[in-house]
Structure formats: C-alpha cells, structure tokens
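Participant: Coordinates in data_27.cif, mmCIF, C-alpha atoms and all ligand atoms, are listed below.
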```cif
data_start
loop_
_atom_site.label_atom_id
_atom_site.label_comp_id
_atom_site.auth_asym_id
_atom_site.auth_seq_id
_atom_site.Cartn_x
_atom_site.Cartn_y
_atom_site.Cartn_z
CA MET I 583 -18.69 29.57 37.79
CA ALA I 584 -21.30 30.65 40.36
CA LYS I 585 -24.13 32.82 39.06
CA GLN I 586 -23.70 36.51 39.86
CA TYR I 587 -27.43 37.26 39.83
CA ASP I 588 -30.71 35.99 41.29
CA VAL I 589 -33.06 36.47 38.35
CA LEU I 590 -32.82 37.11 34.64
CA PHE I 591 -35.38 39.22 32.79
CA ARG I 592 -35.72 40.02 29.13
CA LEU I 593 -36.63 43.55 28.07
CA LEU I 594 -37.45 44.72 24.55
CA MET I 595 -37.22 48.17 22.97
CA PHE I 596 -39.60 49.22 20.22
CA GLY I 597 -40.08 52.40 18.23
CA ASP I 598 -39.49 53.92 14.81
CA SER I 599 -36.10 53.97 13.16
CA GLY I 600 -33.91 56.81 14.42
CA VAL I 601 -35.74 57.56 17.69
CA GLY I 602 -32.62 56.58 19.63
CA LYS I 603 -33.19 53.02 20.93
CA THR I 604 -29.62 51.87 20.30
CA SER I 605 -28.27 55.12 21.73
CA MET I 606 -30.31 54.74 24.94
CA LEU I 607 -29.12 51.18 25.33
CA ARG I 608 -25.47 52.06 24.73
CA ARG I 609 -25.72 54.96 27.15
CA PHE I 610 -27.20 52.66 29.80
CA THR I 611 -24.88 49.69 29.37
CA GLU I 612 -21.63 51.29 28.19
CA SER I 613 -21.97 54.97 29.20
CA GLU I 614 -21.33 55.93 25.60
CA PHE I 615 -23.07 58.01 22.95
CA GLU I 616 -22.45 58.32 19.23
CA SER I 617 -23.92 60.99 17.02
CA SER I 618 -23.99 58.82 13.89
CA HIS I 619 -27.02 56.69 13.04
CA ILE I 620 -26.26 53.12 12.08
CA SER I 621 -29.61 51.35 11.74
CA THR I 622 -29.99 48.17 13.73
CA ILE I 623 -30.36 45.12 11.51
CA GLY I 624 -32.97 42.77 12.94
CA VAL I 625 -32.22 42.65 16.67
CA ASP I 626 -29.27 43.09 18.98
CA PHE I 627 -28.97 42.81 22.74
CA LYS I 628 -26.89 43.98 25.67
CA MET I 629 -26.80 42.85 29.30
CA LYS I 630 -26.61 44.68 32.60
CA THR I 631 -27.04 43.71 36.26
CA LEU I 632 -29.08 45.93 38.58
CA GLU I 633 -29.70 45.59 42.30
CA ILE I 634 -33.34 46.18 43.20
CA ASP I 635 -34.68 45.58 46.75
CA GLY I 636 -31.67 43.41 47.49
CA VAL I 637 -32.26 41.24 44.42
CA GLN I 638 -29.53 41.02 41.78
CA VAL I 639 -31.45 41.37 38.54
CA ARG I 640 -29.71 40.59 35.28
CA VAL I 641 -31.44 42.25 32.37
CA GLN I 642 -31.03 41.19 28.79
CA ILE I 643 -32.17 44.17 26.74
CA TRP I 644 -33.14 43.54 23.15
CA ASP I 645 -32.84 46.45 20.77
CA THR I 646 -35.11 45.90 17.78
CA ALA I 647 -34.80 47.51 14.36
CA GLY I 648 -37.30 50.30 13.78
CA GLN I 649 -37.24 49.81 10.04
CA GLU I 650 -40.38 48.25 8.61
CA ARG I 651 -38.46 45.66 6.58
CA TYR I 652 -37.28 43.86 9.74
CA GLN I 653 -40.76 43.51 11.24
CA THR I 654 -41.00 39.77 10.54
CA ILE I 655 -37.81 39.20 12.53
CA THR I 656 -38.68 41.52 15.42
CA LYS I 657 -42.18 40.04 15.77
CA GLN I 658 -40.61 36.73 16.76
CA TYR I 659 -39.28 38.41 19.91
CA TYR I 660 -42.56 39.88 21.21
CA ARG I 661 -43.49 36.72 23.13
CA ARG I 662 -40.18 36.44 24.93
CA ALA I 663 -40.21 39.71 26.87
CA GLN I 664 -41.18 40.44 30.45
CA GLY I 665 -40.77 44.19 29.95
CA ILE I 666 -41.15 46.55 27.01
CA ILE I 667 -39.90 50.09 26.39
CA PHE I 668 -41.73 51.99 23.68
CA VAL I 669 -39.64 54.89 22.39
CA TYR I 670 -40.51 57.92 20.28
CA ASP I 671 -38.49 61.02 19.41
CA ILE I 672 -39.86 64.27 20.85
CA THR I 673 -38.62 66.10 17.74
CA ASN I 674 -40.53 63.79 15.42
CA ALA I 675 -44.34 63.87 15.64
CA SER I 676 -44.83 60.88 13.35
CA SER I 677 -42.70 58.66 15.63
CA PHE I 678 -45.11 59.63 18.43
CA GLN I 679 -48.20 58.94 16.33
CA ARG I 680 -46.85 55.52 15.44
CA ILE I 681 -46.58 54.47 19.09
CA SER I 682 -50.18 53.24 18.90
CA LYS I 683 -49.17 50.96 16.01
CA TRP I 684 -46.22 49.55 18.01
CA VAL I 685 -48.39 49.03 21.09
CA GLY I 686 -51.10 47.33 19.01
CA ASP I 687 -48.61 44.96 17.36
CA VAL I 688 -46.91 44.04 20.60
CA ASP I 689 -50.14 43.61 22.60
CA GLU I 690 -51.34 41.05 20.12
CA PHE I 691 -48.38 38.74 20.70
CA SER I 692 -46.87 39.44 24.12
CA PRO I 693 -47.67 37.59 27.38
CA HIS I 694 -50.31 39.13 29.65
CA ARG I 695 -47.94 39.99 32.52
CA VAL I 696 -45.63 42.06 30.33
CA GLN I 697 -44.74 45.45 31.86
CA ARG I 698 -44.58 48.46 29.56
CA ILE I 699 -43.28 52.03 29.77
CA LEU I 700 -43.31 54.92 27.30
CA VAL I 701 -40.25 57.05 26.60
CA GLY I 702 -39.90 60.30 24.66
CA ASN I 703 -36.20 60.63 23.74
CA LYS I 704 -33.95 63.54 22.61
CA THR I 705 -35.04 66.16 25.19
CA ASP I 706 -31.70 67.92 24.63
CA GLU I 707 -33.07 69.10 21.27
CA LYS I 708 -35.46 71.62 22.86
CA PRO I 709 -35.84 74.02 19.89
CA ASN I 710 -36.94 71.13 17.64
CA ARG I 711 -39.57 69.72 19.97
CA GLN I 712 -42.75 68.63 18.15
CA VAL I 713 -44.35 66.56 20.91
CA SER I 714 -45.11 68.24 24.23
CA GLN I 715 -44.44 66.56 27.53
CA GLU I 716 -48.19 66.75 28.23
CA GLN I 717 -49.00 64.78 25.06
CA GLY I 718 -46.53 62.09 26.10
CA LYS I 719 -47.97 61.90 29.61
CA THR I 720 -51.53 61.69 28.33
CA LEU I 721 -50.74 58.89 25.89
CA ALA I 722 -48.83 56.92 28.55
CA LYS I 723 -51.76 57.35 30.96
CA SER I 724 -54.22 56.08 28.38
CA TYR I 725 -52.17 52.86 28.14
CA GLY I 726 -51.60 52.68 31.92
CA MET I 727 -47.84 53.07 31.38
CA ASP I 728 -45.21 55.03 33.31
CA PHE I 729 -43.74 57.84 31.25
CA PHE I 730 -40.20 59.27 30.95
CA GLU I 731 -38.60 61.91 28.80
CA THR I 732 -34.96 61.08 28.18
CA SER I 733 -31.85 62.18 26.40
CA ALA I 734 -29.30 59.54 25.46
CA SER I 735 -27.04 62.38 24.37
CA ALA I 736 -27.20 64.36 27.64
CA ASN I 737 -27.68 61.21 29.75
CA THR I 738 -30.99 62.35 31.21
CA ASN I 739 -33.37 59.80 32.76
CA ILE I 740 -31.72 56.87 30.97
CA THR I 741 -30.87 54.83 34.07
CA GLU I 742 -34.20 55.85 35.63
CA SER I 743 -36.29 54.50 32.75
CA PHE I 744 -34.47 51.15 32.43
CA THR I 745 -34.52 50.74 36.20
CA ARG I 746 -38.24 51.53 36.41
CA VAL I 747 -39.29 48.94 33.84
CA THR I 748 -37.08 46.38 35.60
CA GLU I 749 -38.71 47.25 38.96
CA LEU I 750 -42.15 46.76 37.42
CA VAL I 751 -41.14 43.36 36.02
CA LEU I 752 -39.68 42.36 39.37
CA GLN I 753 -42.90 43.37 41.16
CA ALA I 754 -45.02 41.46 38.64
CA HIS I 755 -42.94 38.30 39.15
CA LYS I 756 -42.25 38.80 42.87
CA SER I 757 -44.38 35.95 44.15
CA ASP I 758 -42.77 33.49 41.70
CA ILE I 759 -39.32 34.68 42.72
CA ASP I 760 -40.15 34.52 46.45
CA ASN I 761 -41.40 30.96 45.97
CA LEU I 762 -38.27 30.03 44.08
CA ILE I 763 -35.93 31.64 46.59
CA GLY I 764 -38.06 30.15 49.42
CA SER I 765 -37.76 26.62 48.06
CA LEU I 766 -34.04 27.13 47.47
CA ASP I 767 -33.62 28.27 51.10
CA GLU I 768 -35.63 25.24 52.31
CA TYR I 769 -33.51 22.93 50.20
CA LEU I 770 -30.27 24.46 51.50
CA ASP I 771 -31.54 24.22 55.12
CA ARG I 772 -32.43 20.56 54.57
CA VAL I 773 -29.02 19.79 53.11
CA ALA I 774 -27.31 21.59 56.00
CA LEU I 775 -29.40 19.63 58.55
CA GLU I 776 -28.66 16.35 56.84
CA GLU I 777 -24.98 17.15 56.91
CA GLU I 778 -25.11 18.05 60.63
CA SER I 779 -27.29 15.18 61.89
CA PRO I 780 -25.74 11.75 62.26
CA GLY I 781 -27.27 9.69 59.44
CA PRO I 782 -27.40 5.86 59.34
CA GLN I 783 -23.88 5.75 57.96
CA SER I 784 -22.38 7.82 60.78
CA GLU I 785 -24.31 5.85 63.46
CA SER I 786 -22.86 2.63 62.23
CA SER I 787 -19.40 4.15 62.11
CA ALA I 788 -19.90 5.30 65.72
CA GLN I 789 -20.86 1.75 66.73
CA ARG I 790 -17.88 0.40 64.96
CA THR I 791 -15.70 2.85 66.86
CA CYS I 792 -17.28 1.73 70.14
CA ALA I 793 -16.76 -1.92 69.38
CA CYS I 794 -13.04 -1.49 69.02
N1 LIG K 801 -29.73 64.95 20.01
C1 LIG K 801 -29.93 63.66 20.28
N2 LIG K 801 -29.70 62.74 19.33
C2 LIG K 801 -29.91 61.45 19.65
C3 LIG K 801 -30.35 61.03 20.93
N3 LIG K 801 -30.46 59.68 20.93
C4 LIG K 801 -30.10 59.28 19.70
N4 LIG K 801 -29.77 60.33 18.94
C5 LIG K 801 -29.31 60.30 17.54
O1 LIG K 801 -30.37 59.81 16.73
C6 LIG K 801 -29.87 58.98 15.68
C7 LIG K 801 -30.54 57.63 15.71
O2 LIG K 801 -30.18 56.95 16.91
P1 LIG K 801 -30.21 55.36 17.06
O3 LIG K 801 -29.93 55.08 18.48
O4 LIG K 801 -29.34 54.72 16.05
O5 LIG K 801 -31.75 55.08 16.69
P2 LIG K 801 -32.55 53.70 16.68
O6 LIG K 801 -33.88 53.97 17.24
O7 LIG K 801 -31.75 52.63 17.33
O8 LIG K 801 -32.67 53.42 15.11
P3 LIG K 801 -32.89 52.00 14.34
O9 LIG K 801 -31.78 51.08 14.71
O10 LIG K 801 -32.84 52.35 12.88
O11 LIG K 801 -34.23 51.47 14.73
C8 LIG K 801 -28.35 58.93 15.87
O12 LIG K 801 -27.76 59.88 15.01
C9 LIG K 801 -28.15 59.32 17.32
O13 LIG K 801 -26.92 59.93 17.57
C10 LIG K 801 -30.56 62.04 21.91
O14 LIG K 801 -30.95 61.79 23.07
N5 LIG K 801 -30.34 63.33 21.52
#
```
Please express the file's structure as structure tokens.
Ligand SMILES: Nc1nc2c(ncn2[C@@H]2O[C@H](COP(=O)(O)OP(=O)(O)OP(=O)(O)O)[C@@H](O)[C@H]2O)c(=O)[nH]1
Facilitator:
Amino acid sequence: MAKQYDVLFRLLMFGDSGVGKTSMLRRFTESEFESSHISTIGVDFKMKTLEIDGVQVRVQIWDTAGQERYQTITKQYYRRAQGIIFVYDITNASSFQRISKWVGDVDEFSPHRVQRILVGNKTDEKPNRQVSQEQGKTLAKSYGMDFFETSASANTNITESFTRVTELVLQAHKSDIDNLIGSLDEYLDRVALEEESPGPQSESSAQRTCAC
C-alpha cells in the first residue's frame, strides 16, 4: 500500500506521574478524555498524521510512565526522539519543580537537534492552581522552549502544543527533507524521461519495423 505521509517523526512525552500525559495524548489522537488515572506501564505510543506547510507529517507519540520505577525503561527511548514535550500539572508545584530533573535526564541522552516544549496541564482546575502562568513562561524561556498551558479535560491548547512541537521538528529537519524530496523528484523525472525517450531497445524495434 502506498505511504500516506511524507515524513515520520518520533515525539516523546515526559513528566511526573499523574500530570496528564496519557490524557493529553488521548485527547489529541482520539478526542477522548477519562477522569480515572491508570498509570502508564513503561511506554505506550499513538500515531497521528498532521499537514504542515503542505507536508504530510506522521507523528509517533510515545507516552512514558512518570513513575520512578520505570525510569530504566523510559531512558532507552530518549535517544530515539526528534521532539520532546515536558509536562507538569499546574495544580501540583512539585511536578513543576521536577521539570528540571526531567530536562537534565533527557538532555544527557537525547540527540542535539531534538526540539523541546514545556506544557503546564490542567488549566481547567483554576481554584487549585499552584504554579502561575508567569512561572511556567519563565522556566520555558530559561530553557529556550515554547510554552503552553493546556487542559486535556477541557480540550484547551492540546492540538496547538502537539502541532507546535511537530512544526519545530519539521523546521529543524527541513533541509534533510528538502534534499530527500528533491532527489526523489529528480529520480522520478529521470524515470519519466527514460520512459519517454526512445532507448536502444525501441530504436532497434523501429529499425526492425522499417525493414519489413
Ligand atoms: N482536571 C483535569 N484532570 C486531568 C487533566 N488531564 C489529566 N487529568 C487527570 O489526571 C489524572 C492523571 O492523568 P494521566 O493522563 O493518567 O497522567 P499521566 O501523566 O499519564 O500519568 P502516568 O501514566 O502515571 O505517568 C487522571 O485522573 C486524569 O483524568 C486535565 O486537563 N484536567
């Protein structure tokens, strides 16, 4: 079957247990939300295709377990990502404080071109807010990351944040992709020309026709 996309990127989600990584991913890929918390075991992934600047981008989004005991498993995935989403819960100050630990761990192992954004989730829970928007912005700025506040429950900024990290990855890999698409175009042009022009085989068949 023909491929339905031009490029495939791998994104990873990191953050403490319960911040809402699985919920964000389910909201984005399946338009669903569940209020129960079933902790991710190890890693899980979901796929989605986005169109950005005319390019069909297939994203494979890996949802990692926030629980400490799965760290050995999740660490094996750090190297394989082109984009990373760090998530904290705006109603949980310690999940925000631990972002620096997640960033430190990931930076040690991930490739240099990896694109990263910071997300503060659960904005629908306004009365329970422990981390201000300003604090989130400042931390993101200090890491040179884009920043979003989201709600998987109210479906706020979910598509925007996944799309933004994908855009950043696409930009970072644009020249590679242009080269690839360029050489594919060249190849297809060459094949088309070869099919159009009379090759040695067709010349000889023409002669044979004439001789008759
Ligand atoms: N109010 C509110 N609750 C949310 C939101 N996102 C997730 N939750 C709830 O928070 C709890 C944890 O969500 P999960 O998506 O399972 O969290 P996780 O980060 O994947 O957790 P681990 O798999 O343990 O790492 C669940 O009860 C969700 O329903 C949100 O935007 N608003």
Participant: Using only C-alpha atoms and all ligand atoms, which of I:Lys657, I:Arg609, I:Arg640, I:Lys704 sits nearest ligand LIG 801 (chain K)?
Facilitator: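 Checking each of I:Lys657, I:Arg609, I:Arg640, I:Lys704 against ligand LIG 801 (chain K), counting only C-alpha atoms and all ligand atoms, the winner is I:Lys704.
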Participant: Compile the contact shell of I:Tyr670 as a ChimeraX atom specification: residues with an atom at most 6 Å away, counting all atoms listed in the file, same-chain residues fewer than 2 positions apart removed.
Facilitator: /I:597,601,677-678,702
Participant: For ligand LIG 801 (chain K), which residue out of I:Gln653, I:Gln638, I:Ser613, I:Thr705 is the nearest one, using all atoms listed in the file?
Facilitator: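 Comparing I:Gln653, I:Gln638, I:Ser613, I:Thr705 against ligand LIG 801 (chain K), the winner is I:Thr705.
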Participant: Hey, which residues come within 10 Å of ligand LIG 801 (chain K) if we count all atoms listed in the file? Could you give them as a VMD selection string?
Facilitator: chain I and resid 595 to 609 615 to 626 645 to 650 652 669 to 673 702 to 708 710 731 to 738 740
Participant: My list of candidates is I:Tyr587, I:Val747, I:Leu593, I:Gln664. Which is closest to I:Val637 when distances are computed with all atoms listed in the file?
Facilitator: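 Once distances to I:Val637 are computed over all atoms listed in the file, the minimum belongs to I:Tyr587.
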